[in-house]
Amino acid sequence: MFSSQALRQFFERVPWELTYPLLFCSCPDQACAERRRRTIVPSCSHQERHRPGCLELRHACRSDALCRSRLADFHMNCQMTPHTATSCPHDNYHGCLVSYVGLIGSDVTPNYSDSSPSNISLSLWCGCRGTGSQEQECDAFHRDFTHNSCLKNAIQSFGYGSEGGILPVTEPSSTFLGGGPSPLSSPNPPPPYTAAPSNPWTPLVSSPPAQTCR
């Protein structure tokens, strides 16, 4: 059975120099892209499981202090910013990647949604059908992952390098650009990866990763 705890521990204990290339290096063909997708989601884990609602996952994450903190960290570091060349706050790709990896193994674990080697398509394992009057809110939350140009550009930058000739992706504004703080974060969001000593979640990297694909 697929274990979220085991997945968290893998990314916490294995050096980022080994795990980040597994997640973010570019792929020359579909077989490589499918292997990359299954780094987080083995074929046995989700294929026959009922797809939960996205707001259900968000509620579960908000109910856990650490997941709530990491989701707020993701919104802070991966929010689409229209006045930067990369669409990331302060053009900080590294902060977005670290925040993305911090969500792996949580209730809101993002992943590649297909095995295309040429198109970065990301998603949560959830849907918005049957959410009624909350469907628009649900779609907006899901689009924070599926239509996030900052996150896509950060992954492309790691996979191809800063001189790889890949043009930055642009997306229309989403809930990140609501003109105020994220509804998932407090006015003073906690620093990333802050946890009590007894908490099994630990920082994934001690310093911003550099591009290491070859």
# chains A, B, ... in the order shown; residues from 1 in each chain; ligands from 1
>>> residues_around(residues="stretch 56-64 of chain A", least_positions_apart="6", cutoff="9 Å", atoms="only C-alpha atoms", output="tab-separated table (two decimals) with N, CA and C atoms, in the first residue's frame")
chain	number	residue	atom	x	y	z
A	71	LEU	N	1.66	24.55	2.87
A	71	LEU	CA	0.82	25.02	1.78
A	71	LEU	C	0.89	26.54	1.69
A	106	SER	N	2.13	15.00	1.62
A	106	SER	CA	1.06	15.62	2.41
A	106	SER	C	-0.29	15.32	1.77
A	107	ASP	N	-1.35	15.88	2.34
A	107	ASP	CA	-2.69	15.69	1.77
A	107	ASP	C	-2.82	16.36	0.41
A	108	VAL	N	-1.99	17.34	0.13
A	108	VAL	CA	-2.04	18.04	-1.16
A	108	VAL	C	-0.73	17.80	-1.91
A	126	CYS	N	-7.20	15.12	-7.46
A	126	CYS	CA	-8.50	15.52	-6.93
A	126	CYS	C	-9.33	16.10	-8.07
A	141	PHE	N	-8.55	26.90	-6.64
A	141	PHE	CA	-7.50	26.24	-5.85
A	141	PHE	C	-6.74	25.24	-6.71
A	184	LEU	N	-4.99	30.81	2.61
A	184	LEU	CA	-4.43	29.70	3.35
A	184	LEU	C	-3.34	30.13	4.30
>>> residues_around(residues="A:Pro28", least_positions_apart="3", cutoff="8 Å", atoms="only C-alpha atoms", output="list in words")
Cys32, Ala33 and Pro117 of chain A
>>> write_last_selection(atoms="N, CA and C atoms", output="PDB file, in the first residue's frame")
ATOM      1  N   CYS A  32      10.935   8.044 -20.165  1.00  0.00           N
ATOM      2  CA  CYS A  32      11.605   8.799 -19.106  1.00  0.00           C
ATOM      3  C   CYS A  32      10.595   9.646 -18.339  1.00  0.00           C
ATOM      4  N   ALA A  33       9.687  10.307 -19.067  1.00  0.00           N
ATOM      5  CA  ALA A  33       8.691  11.159 -18.416  1.00  0.00           C
ATOM      6  C   ALA A  33       7.752  10.346 -17.531  1.00  0.00           C
ATOM      7  N   PRO A 117       6.924  14.246 -22.472  1.00  0.00           N
ATOM      8  CA  PRO A 117       8.284  14.737 -22.238  1.00  0.00           C
ATOM      9  C   PRO A 117       8.466  16.201 -22.617  1.00  0.00           C
TER      10      PRO A 117
END
>>> select_by_dssp(residues="stretch 61-140 of chain A", states="helix (DSSP H, G or I)", output="number ranges by chain")
A: 61-62, 65-77, 89-91, 93-102, 132-140
>>> closest_residue(among="A:Val14, A:Cys150, A:Cys213, A:Leu103", to="A:Pro89", atoms="only C-alpha atoms")
A:Cys150
>>> residues_around(residues="stretch 75-83 of chain A", least_positions_apart="2", cutoff="6 Å", atoms="only C-alpha atoms", output="JSON, numbers by chain")
{"A": [72, 73, 87, 88, 89, 95, 96, 150, 151, 176]}
>>> write_last_selection(atoms="N, CA and C atoms", output="JSON list (two decimals), in the first residue's frame")
[["chain", "number", "residue", "atom", "x", "y", "z"],
["A", 72, "ALA", "N", 0.89, 27.22, 2.83],
["A", 72, "ALA", "CA", 1.05, 28.67, 2.83],
["A", 72, "ALA", "C", 2.42, 29.06, 2.25],
["A", 73, "ASP", "N", 3.44, 28.26, 2.56],
["A", 73, "ASP", "CA", 4.77, 28.50, 2.02],
["A", 73, "ASP", "C", 4.78, 28.36, 0.50],
["A", 87, "SER", "N", 7.89, 35.04, -13.55],
["A", 87, "SER", "CA", 6.57, 34.87, -12.93],
["A", 87, "SER", "C", 6.66, 34.46, -11.47],
["A", 88, "CYS", "N", 7.87, 34.36, -10.91],
["A", 88, "CYS", "CA", 8.05, 33.98, -9.51],
["A", 88, "CYS", "C", 8.39, 35.21, -8.67],
["A", 89, "PRO", "N", 7.99, 35.22, -7.40],
["A", 89, "PRO", "CA", 8.35, 36.34, -6.53],
["A", 89, "PRO", "C", 9.87, 36.53, -6.47],
["A", 95, "GLY", "N", 13.23, 28.91, -4.35],
["A", 95, "GLY", "CA", 12.25, 28.92, -3.27],
["A", 95, "GLY", "C", 10.98, 28.19, -3.65],
["A", 96, "CYS", "N", 10.57, 28.32, -4.91],
["A", 96, "CYS", "CA", 9.37, 27.64, -5.37],
["A", 96, "CYS", "C", 9.58, 26.13, -5.40],
["A", 150, "CYS", "N", 4.85, 30.20, -12.59],
["A", 150, "CYS", "CA", 6.06, 30.25, -11.75],
["A", 150, "CYS", "C", 6.59, 28.85, -11.52],
["A", 151, "LEU", "N", 5.72, 27.93, -11.13],
["A", 151, "LEU", "CA", 6.14, 26.56, -10.85],
["A", 151, "LEU", "C", 6.67, 25.88, -12.11],
["A", 176, "PHE", "N", -3.77, 33.36, -6.77],
["A", 176, "PHE", "CA", -2.58, 33.98, -6.22],
["A", 176, "PHE", "C", -2.63, 35.49, -6.35]]
>>> closest_residue(among="A:Ser157, A:Trp125, A:Ser99, A:Gly130", to="A:Cys67", atoms="only C-alpha atoms")
A:Ser99
>>> atom_distance(atom1="atom CA of A:Asn119", atom2="atom CA of A:Thr39")
17.4 Å
>>> closest_residue(among="A:Leu66, A:Ala31, A:Ile104, A:Cys25", to="A:Ile120", atoms="only C-alpha atoms")
A:Cys25
>>> closest_residue(among="A:Arg70, A:Ser116, A:Phe10, A:Leu97", to="A:Asp29", atoms="only C-alpha atoms")
A:Ser116
>>> residues_around(residues="A:Thr146", least_positions_apart="5", cutoff="10 Å", atoms="only C-alpha atoms", output="short mmCIF file (atom, residue, chain, number, x, y, z; two decimals) with N, CA and C atoms, in the first residue's frame")
data_model
loop_
_atom_site.label_atom_id
_atom_site.label_comp_id
_atom_site.auth_asym_id
_atom_site.auth_seq_id
_atom_site.Cartn_x
_atom_site.Cartn_y
_atom_site.Cartn_z
N PRO A 110 1.33 17.36 -5.02
CA PRO A 110 1.23 17.61 -6.46
C PRO A 110 2.12 16.64 -7.24
N ASN A 111 1.84 16.50 -8.52
CA ASN A 111 2.65 15.62 -9.35
C ASN A 111 2.38 15.93 -10.82
N TYR A 112 3.21 15.37 -11.70
CA TYR A 112 2.96 15.45 -13.13
C TYR A 112 1.65 14.71 -13.43
N SER A 113 0.83 15.29 -14.28
CA SER A 113 -0.46 14.68 -14.57
C SER A 113 -0.42 13.76 -15.77
N ILE A 120 5.15 20.35 -19.51
CA ILE A 120 5.06 20.18 -18.06
C ILE A 120 3.62 20.42 -17.63
N SER A 121 2.95 19.36 -17.23
CA SER A 121 1.57 19.43 -16.79
C SER A 121 1.48 18.89 -15.37
N LEU A 122 1.09 19.75 -14.43
CA LEU A 122 1.07 19.40 -13.02
C LEU A 122 -0.36 19.45 -12.48
N SER A 123 -0.60 18.66 -11.44
CA SER A 123 -1.95 18.62 -10.90
C SER A 123 -1.94 18.00 -9.51
N LEU A 124 -3.05 18.15 -8.81
CA LEU A 124 -3.32 17.39 -7.59
C LEU A 124 -4.21 16.21 -7.96
N ASP A 139 -12.15 25.16 -8.34
CA ASP A 139 -11.38 25.28 -9.57
C ASP A 139 -10.20 26.23 -9.39
N ALA A 140 -10.42 27.32 -8.68
CA ALA A 140 -9.35 28.30 -8.47
C ALA A 140 -8.21 27.68 -7.67
N PHE A 141 -8.55 26.90 -6.64
CA PHE A 141 -7.50 26.24 -5.85
C PHE A 141 -6.74 25.24 -6.71
N LEU A 151 5.72 27.93 -11.13
CA LEU A 151 6.14 26.56 -10.85
C LEU A 151 6.67 25.88 -12.11
N LYS A 152 5.98 26.05 -13.23
CA LYS A 152 6.43 25.43 -14.48
C LYS A 152 7.79 25.99 -14.91
N GLU A 171 0.83 32.29 -17.71
CA GLU A 171 -0.52 31.81 -17.46
C GLU A 171 -1.38 32.99 -17.03
#
>>> residues_around(residues="A:Cys128", least_positions_apart="5", cutoff="10 Å", atoms="only C-alpha atoms", output="PyMOL selection string")
chain A and resi 51-56+134-142
>>> write_last_selection(atoms="N, CA and C atoms", output="PDB file, in the first residue's frame")
ATOM      1  N   ARG A  51     -11.193   9.405  -6.708  1.00  0.00           N
ATOM      2  CA  ARG A  51     -10.552  10.718  -6.729  1.00  0.00           C
ATOM      3  C   ARG A  51     -11.308  11.658  -5.787  1.00  0.00           C
ATOM      4  N   PRO A  52     -10.676  12.149  -4.728  1.00  0.00           N
ATOM      5  CA  PRO A  52     -11.374  13.013  -3.772  1.00  0.00           C
ATOM      6  C   PRO A  52     -11.586  14.416  -4.330  1.00  0.00           C
ATOM      7  N   GLY A  53     -12.403  15.196  -3.656  1.00  0.00           N
ATOM      8  CA  GLY A  53     -12.594  16.584  -4.035  1.00  0.00           C
ATOM      9  C   GLY A  53     -11.412  17.431  -3.597  1.00  0.00           C
ATOM     10  N   CYS A  54     -11.072  18.441  -4.401  1.00  0.00           N
ATOM     11  CA  CYS A  54      -9.922  19.286  -4.075  1.00  0.00           C
ATOM     12  C   CYS A  54     -10.141  20.066  -2.781  1.00  0.00           C
ATOM     13  N   LEU A  55     -11.371  20.515  -2.540  1.00  0.00           N
ATOM     14  CA  LEU A  55     -11.634  21.241  -1.300  1.00  0.00           C
ATOM     15  C   LEU A  55     -11.560  20.316  -0.096  1.00  0.00           C
ATOM     16  N   GLU A  56     -11.866  19.048  -0.308  1.00  0.00           N
ATOM     17  CA  GLU A  56     -11.719  18.057   0.760  1.00  0.00           C
ATOM     18  C   GLU A  56     -10.249  17.912   1.151  1.00  0.00           C
ATOM     19  N   GLN A 134     -19.528  25.833  -4.467  1.00  0.00           N
ATOM     20  CA  GLN A 134     -18.097  26.036  -4.212  1.00  0.00           C
ATOM     21  C   GLN A 134     -17.233  25.626  -5.398  1.00  0.00           C
ATOM     22  N   GLU A 135     -17.853  25.335  -6.529  1.00  0.00           N
ATOM     23  CA  GLU A 135     -17.088  24.846  -7.675  1.00  0.00           C
ATOM     24  C   GLU A 135     -16.065  25.871  -8.156  1.00  0.00           C
ATOM     25  N   GLN A 136     -16.437  27.141  -8.179  1.00  0.00           N
ATOM     26  CA  GLN A 136     -15.500  28.168  -8.625  1.00  0.00           C
ATOM     27  C   GLN A 136     -14.304  28.260  -7.687  1.00  0.00           C
ATOM     28  N   GLU A 137     -14.557  28.199  -6.387  1.00  0.00           N
ATOM     29  CA  GLU A 137     -13.471  28.223  -5.407  1.00  0.00           C
ATOM     30  C   GLU A 137     -12.579  26.998  -5.562  1.00  0.00           C
ATOM     31  N   CYS A 138     -13.201  25.850  -5.807  1.00  0.00           N
ATOM     32  CA  CYS A 138     -12.452  24.611  -5.985  1.00  0.00           C
ATOM     33  C   CYS A 138     -11.571  24.690  -7.229  1.00  0.00           C
ATOM     34  N   ASP A 139     -12.149  25.158  -8.335  1.00  0.00           N
ATOM     35  CA  ASP A 139     -11.379  25.279  -9.573  1.00  0.00           C
ATOM     36  C   ASP A 139     -10.200  26.231  -9.394  1.00  0.00           C
ATOM     37  N   ALA A 140     -10.424  27.323  -8.676  1.00  0.00           N
ATOM     38  CA  ALA A 140      -9.352  28.299  -8.468  1.00  0.00           C
ATOM     39  C   ALA A 140      -8.207  27.680  -7.672  1.00  0.00           C
ATOM     40  N   PHE A 141      -8.545  26.902  -6.643  1.00  0.00           N
ATOM     41  CA  PHE A 141      -7.502  26.242  -5.850  1.00  0.00           C
ATOM     42  C   PHE A 141      -6.736  25.237  -6.706  1.00  0.00           C
ATOM     43  N   HIS A 142      -7.444  24.468  -7.512  1.00  0.00           N
ATOM     44  CA  HIS A 142      -6.784  23.472  -8.355  1.00  0.00           C
ATOM     45  C   HIS A 142      -5.882  24.138  -9.388  1.00  0.00           C
TER      46      HIS A 142
END
